[in-house]
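Undergrad: Below are the structure tokens for one structure; questions will follow.
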Amino acid sequence: MPATPSSLTRRDFLGASSAALLGGTLLAADDPATKSPTTAARRPRVAAINSIYRLRSHAYHIAGRFIHGYTRNGFHHQPPFDLVRMWDHQQPENDLGPQVCKAHNIELTTSIPEALGGKNGLDVDAVLLIIEHGDYPVNDRGQVLYPRYEFFEQIVDVFKKAGRGVPIFVDKHLSYDHRLAAKMVATAREMKFGLMAGSSLPVTWRRPEIEPPLGTKFDEAVVCFGFDRGTVEIYLFHALEVLQCMLERRAGGETGVKSVQFLQGGAVWKAGDEGRWSWRLLDAALSRCPSHNTGPVRENVLQPQAVLVEYLDGTRGAVLNLVEQTSEFAIGAKVADRAEPVSSCFYLPAPPGARFFDPLTYNIEKFFASGVAPYPVERTLLTSTMTDLAMQSLKEGSKVVINPALEIKYAAPADSGFFRGPYVDAG
């Protein structure tokens with residue numbers, strides 16, 4: 001049997017449930033060991049607040065896994081939760097929301113308050129906030145104005161009326177605006193409900209399966225990726241997540257970032273030649289990518305992009321978008337007491353299955369069961385802030401951006417929660 005994706009075993013997870021959600025009465029209906037005449041019958045109820053529900057959208061992949069289940073350790077896993085209501089902000093021609101809800105007895109609502117309980121008040125135990133994809137404006141920095149904050153506030157209004165809150169998972173970054181992202185985290189702290197955010201990258205499969213111990217003496221890390229979808233921030237956020245989920249494990253923990261700078265074109269190569277990022281670490285990262293192109297990077301990549309990150313403790317990071325060189329996310333890192341770099345590819349199985357949503361959904365389940373995020377929301381607050389300020393640097397002609405909002409401190413989790421083992425079904 002492959003190793004479990006975290007220190008929480010199946011028995012721990014299915015039997016753990018949540019005094020925070022149901023006063024200790026969670027029923028894991030797919031585990032016969034938990035069934036007894038005295039066990040409460042109702043399973044935790046989940047509402048999904050989506051921007052759009054169509055093929056390959058994030059709601060399709062995350063909410064869909066709460067409906068259909070997914071693969072874990074090579075076998076089918078059905079989440080012990082009931083997705084009871086769904087609200088979709090947009091309904092394009094290829095909208096799947098109505099037929100999915102009808103087929104699976106899910107109420108498709110016309111408002112966010114209705115999805116959380118309507119006239120009956122708050123009657124769900126957890127909320128998915130999946131605002132990614134759909135038709136939204138783009139600002140002058142090139143950021144998609146996804147209304148995550150606005151919809152979060154509508155959810156919170158329901159909490160305030162109910163006098164209590166429930167765990168909320170926010171897909172990807174908290175907001176395109178770091179100030180709004182900080183408000184979301186502050187609200188969760190003030191009202192004392194669990195908040196988790198981020199994407200699949202920190203918890204997807206790694207090849208090789210590296211997990212640097214807490215306190216690793218990192219000096220520098222370089223992330224390579226290659227995506228050209230027109231909107232820079234969409235994949236930049238993912239690359240910064242890869243960087244952060246590794247460097248947060250460094251000696252002294254996460255003490256915050258001093259500055260970020262966005263570079264393009266020849267300025268990227270010049271910065272490497274000047275030692276502002278390491279060619280050796282880039283080579284180590286690219287060596288892990290199955291899609292690694294032949295030929296020199298300088299010749300292949302027509303319009304390189306990079307974000308340079310300087311941490312307050314002197315650690316350096318860089319993420320490089322190299323569209324013609326790779327289509328994977330990978331990292332190379334220098335550790336003080338090692339002669340050779342450590343490196344790994346953060347593997348993303350392809351759509352339509354997109355099985356990298358399996359580990360993300362599993363970690364969301366752990367969060368919904370306990371009310372405590374398996375990794376700090378401060379990580380996503382920091383990556384959201386770095387993304388926003390990197391886009392500011394791009395808008396301002398590659399200006400080095402220094403902002404106190406980057407000075408976010410937190411402790412990394414003992415276990416990253418990434419999936420080990422196979423990513424295919426048992427034969």
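Following the order of the structure tokens, first chain is A, next is B, and so on, with residues numbered from 1 inside each chain and ligands from 1 in the order they appear.
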Could you find all residues in range 138-174 of chain A that DSSP calls alpha helix (DSSP H) from the backbone, and write them as a PyMOL selection string?
TA: chain A and resi 148-162
Undergrad: Write a file of the selected residues as a short mmCIF file (atom, residue, chain, number, x, y, z; two decimals), in the first residue's frame, keeping N, CA, C and O atoms.
TA:
```
data_model
loop_
_atom_site.label_atom_id
_atom_site.label_comp_id
_atom_site.auth_asym_id
_atom_site.auth_seq_id
_atom_site.Cartn_x
_atom_site.Cartn_y
_atom_site.Cartn_z
N ARG A 148 -14.07 37.11 -5.54
CA ARG A 148 -13.96 36.21 -4.38
C ARG A 148 -14.28 36.97 -3.09
O ARG A 148 -15.00 36.46 -2.23
N TYR A 149 -13.69 38.15 -2.95
CA TYR A 149 -13.92 38.92 -1.73
C TYR A 149 -15.40 39.29 -1.57
O TYR A 149 -15.97 39.16 -0.48
N GLU A 150 -16.01 39.75 -2.64
CA GLU A 150 -17.41 40.17 -2.58
C GLU A 150 -18.32 39.01 -2.17
O GLU A 150 -19.24 39.18 -1.35
N PHE A 151 -18.07 37.82 -2.74
CA PHE A 151 -18.90 36.67 -2.40
C PHE A 151 -18.57 36.16 -0.99
O PHE A 151 -19.47 35.69 -0.27
N PHE A 152 -17.32 36.25 -0.60
CA PHE A 152 -16.93 35.92 0.77
C PHE A 152 -17.70 36.79 1.76
O PHE A 152 -18.21 36.31 2.78
N GLU A 153 -17.82 38.08 1.46
CA GLU A 153 -18.54 38.99 2.33
C GLU A 153 -20.02 38.62 2.43
O GLU A 153 -20.62 38.74 3.50
N GLN A 154 -20.60 38.16 1.33
CA GLN A 154 -22.00 37.73 1.39
C GLN A 154 -22.16 36.50 2.28
O GLN A 154 -23.14 36.36 3.02
N ILE A 155 -21.18 35.60 2.22
CA ILE A 155 -21.20 34.42 3.09
C ILE A 155 -21.09 34.85 4.55
O ILE A 155 -21.83 34.39 5.43
N VAL A 156 -20.17 35.77 4.81
CA VAL A 156 -19.95 36.25 6.17
C VAL A 156 -21.20 36.94 6.72
O VAL A 156 -21.52 36.83 7.91
N ASP A 157 -21.93 37.66 5.87
CA ASP A 157 -23.18 38.29 6.31
C ASP A 157 -24.16 37.24 6.85
O ASP A 157 -24.85 37.48 7.85
N VAL A 158 -24.22 36.10 6.19
CA VAL A 158 -25.08 35.02 6.68
C VAL A 158 -24.58 34.53 8.03
O VAL A 158 -25.37 34.27 8.95
N PHE A 159 -23.26 34.40 8.17
CA PHE A 159 -22.68 33.97 9.45
C PHE A 159 -23.07 34.94 10.57
O PHE A 159 -23.41 34.53 11.68
N LYS A 160 -22.96 36.23 10.27
CA LYS A 160 -23.26 37.24 11.29
C LYS A 160 -24.71 37.15 11.76
O LYS A 160 -25.00 37.27 12.96
N LYS A 161 -25.60 36.95 10.84
CA LYS A 161 -27.02 36.82 11.20
C LYS A 161 -27.28 35.56 12.01
O LYS A 161 -28.15 35.54 12.89
N ALA A 162 -26.50 34.51 11.70
CA ALA A 162 -26.67 33.24 12.42
C ALA A 162 -25.96 33.25 13.77
O ALA A 162 -26.25 32.39 14.61
#
```
Undergrad: Would you pick out the contacts of Leu382 in chain A at 10 Å or less, using only C-alpha atoms, so that residues sharing its chain but fewer than 5 positions from it are not included, and give the list as a list in words?
TA: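 Selected residues are His173, Leu174, His178, Ala181, Ala182, Leu240, Glu241, Gln244, Glu254, Gly256, Val257, Val377, Thr387, Asp388, Ala405, Leu406, Glu407, Ile408, Lys409 and Tyr410 of chain A.
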Undergrad: Neighbouring residues of range 124-139 of chain A were defined as those with any atom within 7 Å, considering only C-alpha atoms; residues of the same chain fewer than 2 positions away were excluded. Please report them as an mmCIF file with all heavy atoms, in the first residue's frame.
TA:
```
data_model
loop_
_atom_site.group_PDB
_atom_site.id
_atom_site.type_symbol
_atom_site.label_atom_id
_atom_site.label_comp_id
_atom_site.auth_asym_id
_atom_site.auth_seq_id
_atom_site.Cartn_x
_atom_site.Cartn_y
_atom_site.Cartn_z
ATOM 1 N N LEU A 21 -18.170 20.832 13.756
ATOM 2 C CA LEU A 21 -19.245 20.826 12.765
ATOM 3 C C LEU A 21 -20.558 20.302 13.350
ATOM 4 O O LEU A 21 -21.592 20.940 13.250
ATOM 5 C CB LEU A 21 -18.848 19.947 11.565
ATOM 6 C CG LEU A 21 -17.653 20.423 10.749
ATOM 7 C CD1 LEU A 21 -17.475 19.516 9.551
ATOM 8 C CD2 LEU A 21 -17.827 21.850 10.299
ATOM 9 N N PRO A 44 -22.269 15.726 7.422
ATOM 10 C CA PRO A 44 -22.056 17.164 7.250
ATOM 11 C C PRO A 44 -22.512 17.626 5.873
ATOM 12 O O PRO A 44 -22.307 16.952 4.861
ATOM 13 C CB PRO A 44 -20.547 17.315 7.419
ATOM 14 C CG PRO A 44 -20.135 16.150 8.227
ATOM 15 C CD PRO A 44 -21.027 15.027 7.806
ATOM 16 N N ARG A 45 -23.113 18.800 5.849
ATOM 17 C CA ARG A 45 -23.701 19.363 4.633
ATOM 18 C C ARG A 45 -22.792 20.480 4.111
ATOM 19 O O ARG A 45 -22.328 21.334 4.876
ATOM 20 C CB ARG A 45 -25.097 19.902 4.941
ATOM 21 C CG ARG A 45 -26.091 18.842 5.342
ATOM 22 C CD ARG A 45 -27.207 19.388 6.231
ATOM 23 N NE ARG A 45 -27.952 20.473 5.608
ATOM 24 C CZ ARG A 45 -29.006 20.304 4.820
ATOM 25 N NH1 ARG A 45 -29.442 19.092 4.536
ATOM 26 N NH2 ARG A 45 -29.647 21.351 4.315
ATOM 27 N N VAL A 46 -22.591 20.491 2.808
ATOM 28 C CA VAL A 46 -21.696 21.444 2.156
ATOM 29 C C VAL A 46 -22.461 22.239 1.113
ATOM 30 O O VAL A 46 -23.289 21.682 0.376
ATOM 31 C CB VAL A 46 -20.503 20.718 1.495
ATOM 32 C CG1 VAL A 46 -19.601 21.695 0.755
ATOM 33 C CG2 VAL A 46 -19.707 19.935 2.536
ATOM 34 N N ALA A 47 -22.183 23.540 1.037
ATOM 35 C CA ALA A 47 -22.704 24.390 -0.036
ATOM 36 C C ALA A 47 -21.552 24.800 -0.934
ATOM 37 O O ALA A 47 -20.451 25.093 -0.451
ATOM 38 C CB ALA A 47 -23.386 25.626 0.548
ATOM 39 N N ALA A 48 -21.787 24.834 -2.236
ATOM 40 C CA ALA A 48 -20.776 25.259 -3.208
ATOM 41 C C ALA A 48 -21.198 26.577 -3.830
ATOM 42 O O ALA A 48 -22.271 26.669 -4.445
ATOM 43 C CB ALA A 48 -20.587 24.200 -4.286
ATOM 44 N N ILE A 49 -20.358 27.600 -3.660
ATOM 45 C CA ILE A 49 -20.573 28.912 -4.271
ATOM 46 C C ILE A 49 -19.573 29.025 -5.412
ATOM 47 O O ILE A 49 -18.369 29.141 -5.192
ATOM 48 C CB ILE A 49 -20.346 30.043 -3.238
ATOM 49 C CG1 ILE A 49 -21.171 29.793 -1.968
ATOM 50 C CG2 ILE A 49 -20.646 31.391 -3.860
ATOM 51 C CD1 ILE A 49 -22.646 29.677 -2.193
ATOM 52 N N ASN A 50 -20.065 28.981 -6.646
ATOM 53 C CA ASN A 50 -19.206 28.882 -7.817
ATOM 54 C C ASN A 50 -19.346 30.091 -8.739
ATOM 55 O O ASN A 50 -20.419 30.681 -8.839
ATOM 56 C CB ASN A 50 -19.557 27.633 -8.635
ATOM 57 C CG ASN A 50 -19.628 26.378 -7.798
ATOM 58 O OD1 ASN A 50 -18.781 26.153 -6.931
ATOM 59 N ND2 ASN A 50 -20.639 25.553 -8.041
ATOM 60 N N SER A 51 -18.277 30.405 -9.453
ATOM 61 C CA SER A 51 -18.396 31.386 -10.524
ATOM 62 C C SER A 51 -19.103 30.773 -11.721
ATOM 63 O O SER A 51 -19.933 31.410 -12.365
ATOM 64 C CB SER A 51 -17.017 31.896 -10.943
ATOM 65 O OG SER A 51 -16.174 30.816 -11.327
ATOM 66 N N ILE A 52 -18.779 29.492 -11.976
ATOM 67 C CA ILE A 52 -19.302 28.827 -13.165
ATOM 68 C C ILE A 52 -19.120 27.325 -12.981
ATOM 69 O O ILE A 52 -18.181 26.884 -12.308
ATOM 70 C CB ILE A 52 -18.542 29.323 -14.423
ATOM 71 C CG1 ILE A 52 -19.240 28.930 -15.713
ATOM 72 C CG2 ILE A 52 -17.101 28.845 -14.429
ATOM 73 C CD1 ILE A 52 -18.663 29.630 -16.934
ATOM 74 N N SER A 57 -13.926 23.363 -15.465
ATOM 75 C CA SER A 57 -13.831 24.484 -14.536
ATOM 76 C C SER A 57 -13.393 23.949 -13.178
ATOM 77 O O SER A 57 -13.513 22.752 -12.881
ATOM 78 C CB SER A 57 -15.173 25.197 -14.415
ATOM 79 O OG SER A 57 -16.132 24.361 -13.785
ATOM 80 N N HIS A 58 -12.908 24.838 -12.314
ATOM 81 C CA HIS A 58 -12.481 24.399 -10.992
ATOM 82 C C HIS A 58 -13.661 23.878 -10.167
ATOM 83 O O HIS A 58 -13.499 22.928 -9.386
ATOM 84 C CB HIS A 58 -11.771 25.533 -10.251
ATOM 85 C CG HIS A 58 -10.362 25.736 -10.705
ATOM 86 N ND1 HIS A 58 -9.387 26.262 -9.898
ATOM 87 C CD2 HIS A 58 -9.755 25.479 -11.894
ATOM 88 C CE1 HIS A 58 -8.237 26.319 -10.553
ATOM 89 N NE2 HIS A 58 -8.446 25.862 -11.777
ATOM 90 N N ALA A 59 -14.826 24.471 -10.319
ATOM 91 C CA ALA A 59 -16.001 23.957 -9.612
ATOM 92 C C ALA A 59 -16.346 22.550 -10.091
ATOM 93 O O ALA A 59 -16.714 21.677 -9.290
ATOM 94 C CB ALA A 59 -17.186 24.900 -9.820
ATOM 95 N N GLN A 90 -22.537 32.503 -13.034
ATOM 96 C CA GLN A 90 -22.725 32.649 -14.475
ATOM 97 C C GLN A 90 -23.248 31.346 -15.070
ATOM 98 O O GLN A 90 -22.887 30.256 -14.611
ATOM 99 C CB GLN A 90 -21.412 33.064 -15.145
ATOM 100 C CG GLN A 90 -20.893 34.415 -14.667
ATOM 101 C CD GLN A 90 -19.622 34.841 -15.373
ATOM 102 O OE1 GLN A 90 -19.098 34.146 -16.261
ATOM 103 N NE2 GLN A 90 -19.107 36.000 -14.993
ATOM 104 N N LEU A 116 -26.818 28.900 1.509
ATOM 105 C CA LEU A 116 -26.371 28.602 2.867
ATOM 106 C C LEU A 116 -27.514 28.280 3.819
ATOM 107 O O LEU A 116 -27.272 27.944 4.981
ATOM 108 C CB LEU A 116 -25.559 29.779 3.419
ATOM 109 C CG LEU A 116 -24.055 29.752 3.133
ATOM 110 C CD1 LEU A 116 -23.755 29.760 1.646
ATOM 111 C CD2 LEU A 116 -23.347 30.912 3.825
ATOM 112 N N GLY A 117 -28.734 28.385 3.349
ATOM 113 C CA GLY A 117 -29.862 28.017 4.194
ATOM 114 C C GLY A 117 -31.116 28.814 3.964
ATOM 115 O O GLY A 117 -32.207 28.402 4.345
ATOM 116 N N LEU A 122 -28.506 29.694 8.569
ATOM 117 C CA LEU A 122 -27.344 28.882 8.218
ATOM 118 C C LEU A 122 -27.577 27.429 8.614
ATOM 119 O O LEU A 122 -27.692 27.113 9.799
ATOM 120 C CB LEU A 122 -26.104 29.433 8.931
ATOM 121 C CG LEU A 122 -24.781 28.693 8.686
ATOM 122 C CD1 LEU A 122 -24.353 28.800 7.232
ATOM 123 C CD2 LEU A 122 -23.699 29.252 9.607
ATOM 124 N N ARG A 141 -3.543 46.112 -14.638
ATOM 125 C CA ARG A 141 -2.366 45.314 -14.266
ATOM 126 C C ARG A 141 -2.383 43.926 -14.896
ATOM 127 O O ARG A 141 -1.464 43.149 -14.714
ATOM 128 C CB ARG A 141 -2.301 45.139 -12.741
ATOM 129 C CG ARG A 141 -1.988 46.389 -11.946
ATOM 130 C CD ARG A 141 -1.828 45.999 -10.480
ATOM 131 N NE ARG A 141 -1.545 47.121 -9.618
ATOM 132 C CZ ARG A 141 -1.330 47.018 -8.316
ATOM 133 N NH1 ARG A 141 -1.372 45.824 -7.732
ATOM 134 N NH2 ARG A 141 -1.086 48.097 -7.588
ATOM 135 N N GLY A 142 -3.499 43.605 -15.575
ATOM 136 C CA GLY A 142 -3.636 42.275 -16.153
ATOM 137 C C GLY A 142 -4.190 41.256 -15.181
ATOM 138 O O GLY A 142 -3.988 40.051 -15.363
ATOM 139 N N GLN A 143 -4.907 41.706 -14.167
ATOM 140 C CA GLN A 143 -5.491 40.801 -13.180
ATOM 141 C C GLN A 143 -6.973 40.600 -13.455
ATOM 142 O O GLN A 143 -7.713 41.567 -13.701
ATOM 143 C CB GLN A 143 -5.310 41.385 -11.769
ATOM 144 C CG GLN A 143 -3.863 41.517 -11.340
ATOM 145 C CD GLN A 143 -3.726 42.347 -10.074
ATOM 146 O OE1 GLN A 143 -3.918 43.563 -10.110
ATOM 147 N NE2 GLN A 143 -3.401 41.712 -8.967
ATOM 148 N N VAL A 144 -7.412 39.354 -13.410
ATOM 149 C CA VAL A 144 -8.832 39.054 -13.560
ATOM 150 C C VAL A 144 -9.537 39.451 -12.265
ATOM 151 O O VAL A 144 -9.129 39.040 -11.167
ATOM 152 C CB VAL A 144 -9.062 37.565 -13.851
ATOM 153 C CG1 VAL A 144 -10.556 37.295 -14.051
ATOM 154 C CG2 VAL A 144 -8.277 37.134 -15.089
ATOM 155 N N LEU A 145 -10.601 40.221 -12.371
ATOM 156 C CA LEU A 145 -11.292 40.735 -11.186
ATOM 157 C C LEU A 145 -12.337 39.734 -10.690
ATOM 158 O O LEU A 145 -13.540 40.021 -10.646
ATOM 159 C CB LEU A 145 -11.917 42.092 -11.498
ATOM 160 C CG LEU A 145 -10.936 43.165 -12.000
ATOM 161 C CD1 LEU A 145 -11.651 44.500 -12.196
ATOM 162 C CD2 LEU A 145 -9.756 43.326 -11.040
ATOM 163 N N TYR A 146 -11.845 38.569 -10.306
ATOM 164 C CA TYR A 146 -12.748 37.569 -9.751
ATOM 165 C C TYR A 146 -13.326 38.092 -8.434
ATOM 166 O O TYR A 146 -12.582 38.524 -7.554
ATOM 167 C CB TYR A 146 -12.010 36.259 -9.490
ATOM 168 C CG TYR A 146 -11.671 35.479 -10.731
ATOM 169 C CD1 TYR A 146 -10.347 35.184 -11.048
ATOM 170 C CD2 TYR A 146 -12.670 35.004 -11.577
ATOM 171 C CE1 TYR A 146 -10.025 34.452 -12.175
ATOM 172 C CE2 TYR A 146 -12.362 34.266 -12.708
ATOM 173 C CZ TYR A 146 -11.029 33.995 -13.000
ATOM 174 O OH TYR A 146 -10.722 33.269 -14.121
ATOM 175 N N ARG A 148 -14.068 37.110 -5.543
ATOM 176 C CA ARG A 148 -13.960 36.213 -4.380
ATOM 177 C C ARG A 148 -14.279 36.968 -3.092
ATOM 178 O O ARG A 148 -14.997 36.460 -2.227
ATOM 179 C CB ARG A 148 -12.555 35.608 -4.313
ATOM 180 C CG ARG A 148 -12.195 34.720 -5.501
ATOM 181 C CD ARG A 148 -10.852 34.032 -5.283
ATOM 182 N NE ARG A 148 -10.508 33.194 -6.430
ATOM 183 C CZ ARG A 148 -9.595 33.528 -7.356
ATOM 184 N NH1 ARG A 148 -8.941 34.667 -7.255
ATOM 185 N NH2 ARG A 148 -9.349 32.728 -8.365
ATOM 186 N N VAL A 166 -18.924 28.724 9.811
ATOM 187 C CA VAL A 166 -18.475 27.369 9.486
ATOM 188 C C VAL A 166 -17.240 27.486 8.592
ATOM 189 O O VAL A 166 -16.960 28.555 8.041
ATOM 190 C CB VAL A 166 -19.585 26.557 8.784
ATOM 191 C CG1 VAL A 166 -20.814 26.427 9.676
ATOM 192 C CG2 VAL A 166 -19.956 27.171 7.439
ATOM 193 N N PRO A 167 -16.470 26.410 8.428
ATOM 194 C CA PRO A 167 -15.261 26.484 7.605
ATOM 195 C C PRO A 167 -15.556 26.885 6.158
ATOM 196 O O PRO A 167 -16.521 26.416 5.553
ATOM 197 C CB PRO A 167 -14.688 25.061 7.675
ATOM 198 C CG PRO A 167 -15.236 24.508 8.957
ATOM 199 C CD PRO A 167 -16.603 25.093 9.091
ATOM 200 N N ILE A 168 -14.686 27.747 5.620
ATOM 201 C CA ILE A 168 -14.773 28.165 4.214
ATOM 202 C C ILE A 168 -13.472 27.813 3.525
ATOM 203 O O ILE A 168 -12.383 28.171 3.999
ATOM 204 C CB ILE A 168 -14.999 29.677 4.073
ATOM 205 C CG1 ILE A 168 -16.275 30.130 4.783
ATOM 206 C CG2 ILE A 168 -15.052 30.076 2.592
ATOM 207 C CD1 ILE A 168 -16.473 31.648 4.740
ATOM 208 N N PHE A 169 -13.569 27.126 2.391
ATOM 209 C CA PHE A 169 -12.408 26.929 1.519
ATOM 210 C C PHE A 169 -12.523 27.893 0.350
ATOM 211 O O PHE A 169 -13.552 27.926 -0.339
ATOM 212 C CB PHE A 169 -12.334 25.501 0.984
ATOM 213 C CG PHE A 169 -11.320 25.367 -0.130
ATOM 214 C CD1 PHE A 169 -9.966 25.377 0.147
ATOM 215 C CD2 PHE A 169 -11.735 25.296 -1.462
ATOM 216 C CE1 PHE A 169 -9.028 25.309 -0.878
ATOM 217 C CE2 PHE A 169 -10.805 25.218 -2.489
ATOM 218 C CZ PHE A 169 -9.444 25.225 -2.201
ATOM 219 N N VAL A 170 -11.458 28.666 0.096
ATOM 220 C CA VAL A 170 -11.398 29.598 -1.033
ATOM 221 C C VAL A 170 -10.416 29.044 -2.055
ATOM 222 O O VAL A 170 -9.225 28.894 -1.763
ATOM 223 C CB VAL A 170 -10.957 31.004 -0.585
ATOM 224 C CG1 VAL A 170 -10.937 31.955 -1.776
ATOM 225 C CG2 VAL A 170 -11.876 31.533 0.509
ATOM 226 N N ASP A 171 -10.893 28.752 -3.242
ATOM 227 C CA ASP A 171 -10.039 28.207 -4.295
ATOM 228 C C ASP A 171 -9.047 29.249 -4.796
ATOM 229 O O ASP A 171 -9.399 30.412 -5.037
ATOM 230 C CB ASP A 171 -10.924 27.727 -5.452
ATOM 231 C CG ASP A 171 -10.119 27.111 -6.586
ATOM 232 O OD1 ASP A 171 -9.193 26.342 -6.297
ATOM 233 O OD2 ASP A 171 -10.429 27.422 -7.745
ATOM 234 N N PHE A 368 -12.641 20.432 6.451
ATOM 235 C CA PHE A 368 -14.058 20.454 6.792
ATOM 236 C C PHE A 368 -14.355 19.557 8.001
ATOM 237 O O PHE A 368 -15.255 19.840 8.794
ATOM 238 C CB PHE A 368 -14.900 20.022 5.599
ATOM 239 C CG PHE A 368 -15.050 21.073 4.524
ATOM 240 C CD1 PHE A 368 -15.698 20.780 3.323
ATOM 241 C CD2 PHE A 368 -14.557 22.358 4.704
ATOM 242 C CE1 PHE A 368 -15.853 21.746 2.330
ATOM 243 C CE2 PHE A 368 -14.702 23.329 3.718
ATOM 244 C CZ PHE A 368 -15.348 23.023 2.532
#
```
Undergrad: Looking at A:Glu211, A:Thr110, A:Phe262, A:Gly417, which one is nearest to Lys366 in chain A, with distances taken over only C-alpha atoms?
TA: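 The answer is A:Gly417, which sits nearest to Lys366 in chain A.
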Undergrad: Would you please give, as a ChimeraX atom specification, all residues of range 83-277 of chain A that DSSP assigns to strand (DSSP E or B) based on the backbone?
TA: /A:83-88,107-108,126-130,138,144,168-172,195-198,205-207,216,218-225,250,254,257-264
Undergrad: Let me make sure I understand: among A:Pro92, A:Pro374, A:Gly165, A:Pro113, which one has the smallest atom-to-atom distance to Arg189 in chain A if we use only C-alpha atoms?
TA: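 Ranked by minimum distance to Arg189 in chain A, first place goes to A:Gly165.
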Undergrad: Hey, what's within 9 Å of Gly317 in chain A if we count only C-alpha atoms and toss same-chain stuff fewer than 4 positions away? As a ChimeraX atom specification, please?
TA: /A:219-223,243-244,247,277,307-311,333
Undergrad: Tell me which protein, DNA and RNA residues are within 10 Å of Phe81 in chain A, counting only C-alpha atoms, leaving out same-chain ones fewer than 2 positions away, and put them as a ChimeraX atom specification.
TA: /A:26-29,42-46,66-67,78-79,83-84,125-126,365,368-369
Undergrad: I'd like the contact shell of Leu214 in chain A - 8 Å cut-off, only C-alpha atoms, skipping same-chain residues fewer than 4 positions apart - returned as a PyMOL selection string.
TA: chain A and resi 249-251+253+412+414
Undergrad: Find the spatial neighbours of Phe418 in chain A, counting only C-alpha atoms, within a cut-off of 7 Å - ignore same-chain residues fewer than 5 positions away - and output them as a list in words.
TA: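 Here the answer would be Pro5, Pro202, Val203, Thr204, Trp205 and Pro359 of chain A.
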Undergrad: Would you mind exporting the chosen residues as a PDB file, in the first residue's frame, restricted to N, CA and C atoms?
TA:
```pdb
ATOM      1  N   PRO A   5      -1.085  10.284   2.230  1.00  0.00           N
ATOM      2  CA  PRO A   5      -0.679  11.626   1.855  1.00  0.00           C
ATOM      3  C   PRO A   5      -0.400  12.529   3.037  1.00  0.00           C
ATOM      4  N   PRO A 202       0.669  22.844  -4.109  1.00  0.00           N
ATOM      5  CA  PRO A 202       1.433  22.407  -2.942  1.00  0.00           C
ATOM      6  C   PRO A 202       1.173  20.964  -2.518  1.00  0.00           C
ATOM      7  N   VAL A 203       0.055  20.374  -2.950  1.00  0.00           N
ATOM      8  CA  VAL A 203      -0.293  19.035  -2.467  1.00  0.00           C
ATOM      9  C   VAL A 203      -0.350  17.982  -3.571  1.00  0.00           C
ATOM     10  N   THR A 204      -0.040  18.358  -4.801  1.00  0.00           N
ATOM     11  CA  THR A 204      -0.036  17.374  -5.869  1.00  0.00           C
ATOM     12  C   THR A 204       1.196  16.467  -5.732  1.00  0.00           C
ATOM     13  N   TRP A 205       1.269  15.446  -6.582  1.00  0.00           N
ATOM     14  CA  TRP A 205       2.391  14.507  -6.538  1.00  0.00           C
ATOM     15  C   TRP A 205       3.702  15.212  -6.877  1.00  0.00           C
ATOM     16  N   PRO A 359      -5.692  15.363  -4.527  1.00  0.00           N
ATOM     17  CA  PRO A 359      -5.077  15.746  -3.253  1.00  0.00           C
ATOM     18  C   PRO A 359      -5.627  17.036  -2.671  1.00  0.00           C
TER      19      PRO A 359
END
```
Undergrad: From the set A:Tyr423, A:Phe75, A:Phe367, A:Trp279, which residue has the shortest atom-to-atom contact distance to Ala350 in chain A, counting only C-alpha atoms?
TA: A:Tyr423
Undergrad: Rounded to one decimal, what separation in Å do you get between CA of Leu320 in chain A and CA of Gln305 in chain A?
TA: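 Between CA of Leu320 in chain A and CA of Gln305 in chain A the gap works out to 5.7 Å.
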Undergrad: Quick one, how far is CA of Phe419 in chain A from CA of Asp228 in chain A?
TA: 26.8 Å
Undergrad: Quick one, how far is CA of Met246 in chain A from CA of Thr216 in chain A?
TA: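 Between these atoms lies a distance of 9.6 Å.
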